[in-house]
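J.: Sharing a structure here in structure tokens format.
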Amino acid sequence: MKQGFNFSLPVTVVVLAISYIYVTTVFVFIDRWFGLMSSPGIMNAVVFTAVALMCIFNYAVAIFRDPGRVPLNYMPDIEDNQNPIHEIKRKGGDLRYCQKCAHYKPPRAHHCRVCKRCVLRMDHHCIWISNCVGHANYKVFFIFVMYAVAACVYSLVLLVGSLTNDPLKDEEQSGDSFRTVYVISGLLLVPLSLALAVLFVWHICLILQNKTTIEYHEGVRAMWLAEKGGQIYKHPYDLGVYENLTTVLGLNIFSWLCPTSRHINSGLHFRTAYDKTTDASLSK
């Protein structure tokens with residue numbers, strides 16, 4: 001659990017946006033399209049409420065779950081056969097050491113200037129959850145984005161559907177207040193759906209390659225340097241599509257939609273493509 005939580009304006013904005021979208025979707029869009037007490041209305045209200053609850057729950061977990069701390073006594077073991085890769089500094093070739101935290105960095109760990117500490121398998125610092133996205137909360141962050149996309153698109157469909165339902169009758173009954181609700185909802189849902197969908201697709205691409213956002217940007221530079229030297233760069237943690245998925249989301253496909261974290265390890269060591277090569281050669 002993350003230690004302490006201070007007031008965050010971005011988090012407050014997200015909570016208000018979720019609340020507004022839920023209220024307008026259930027009590028305006030569903031009610032005006034189907035009637036809230038009708039069978040289709042109740043069914044849509046229940047389904048949307050379930051999606052909204054999963055969205056809120058995963059959002060809360062992403063905020064309060066610690067992304068992963070580096071143990072104070074961590075020391076890389078260069079003779080460890082189980083961990084053949086040791087990340088080094090670009091300059092000097094020494095093992096990565098954080099001067100601010102005064103300890104060595106495990107593979108894939110980075111120092112966050114906002115949190116003022118090193119984070120295991122750091123992806124990025126997200127102001128919208130007032131927390132880093134790292135080893136322990138990456139999956140729950142991804143699931144939150146997934147449910148947020150589903151909720152926004154669902155709400156947008158219900159908005160459009162309620163507008164197409166007997167527009168002349170709605171025009172007589174609506175008035176300025178409902179027009180304002182529809183305008184605000186449209187201006188909120190359209191860009192939000194697009195932005196979240198792009199973010200969701202982006203993280204799917206990262207998961208399929210077992211990369212973090214930081215590793216993607218570092219990989220672009222590494223690929224350029226490799227091509228310049230006539231070599232081919234391969235991301236060392238890319239284990240293949242299926243193993244990449246199970247590494248991040250878990251072995252049980254049914255748990256991919258839930259914020260479970262039993263499948264993750266300590267975050268101090270990670271299996272690499274070189275391990276697969278070694279295992280294959282030993283099995284021959």
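Labels used: A, B, ... for chains in the order of the structure tokens, numbers from 1 for residues in each chain, and numbers from 1 for ligands as shown.
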Write out as number ranges by chain the residues lying within 8 Å of A:Leu208, counting only C-alpha atoms and excluding same-chain residues fewer than 4 positions away.

T.: A: 204, 240-242, 244-245

J.: I need the residues in stretch 14-215 of chain A that are helix (DSSP H, G or I) according to DSSP; give them as a VMD selection string.

T.: chain A and resid 14 to 33 39 to 64 138 to 163 167 to 174 176 to 208 213 to 215

J.: Give me, as a VMD selection string, all polymer residues having an atom no more than 10 Å from A:Val190, counting only C-alpha atoms and skipping those fewer than 3 positions away in the same chain.

T.: chain A and resid 152 to 153 156 185 to 187 193 to 195

J.: Taking only C-alpha atoms into account, name the residue in A:Ile143, A:Ile127, A:Ala273, A:Val61 that is nearest to A:Phe7.

T.: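 Comparing A:Ile143, A:Ile127, A:Ala273, A:Val61 against A:Phe7, the winner is A:Ile127.
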
J.: Between atom CA of A:Ala52 and atom CA of A:Ile21, what is the spacing in Å?

T.: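 These two atoms are separated by 9.4 Å.
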
J.: When DSSP is applied to the backbone of this structure, which of stretch 34-223 of chain A are assigned strand (DSSP E)? Write them out as number ranges by chain.

T.: A: 97-98, 103-104, 110-112, 117-119, 124-126, 131-133

J.: What's the separation between atom CA of A:Thr25 and atom CA of A:Ala60, in Å to one decimal place?

T.: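 Pair atom CA of A:Thr25 / atom CA of A:Ala60 returns 21.3 Å.
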
J.: Using only C-alpha atoms, find the one residue out of A:Gly250, A:Pro67, A:Pro236, A:Pro107 that sits nearest to A:Ser130.

T.: A:Pro67

J.: Restricting the calculation to only C-alpha atoms, which member of A:Tyr104, A:Phe64, A:Val13, A:Val157 is positioned closest to A:Trp33?

T.: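 For A:Trp33, the nearest of the given residues is A:Val157.
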
J.: Need the shell around stretch 210-226 of chain A: protein/DNA/RNA residues with any atom at most 12 Å away, counting only C-alpha atoms. Skip same-chain ones fewer than 2 positions apart. Format as number ranges by chain?

T.: A: 90, 107-112, 120-126, 133-135, 138-139, 199, 202-208, 228-249, 270-273

J.: Identify which of the residues A:Met43, A:Ile18, A:Thr12, A:Gln99 lies closest to A:Leu188, counting only C-alpha atoms when measuring atom-to-atom distances.

T.: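 Residue with the minimum atom-to-atom distance to A:Leu188: A:Ile18.
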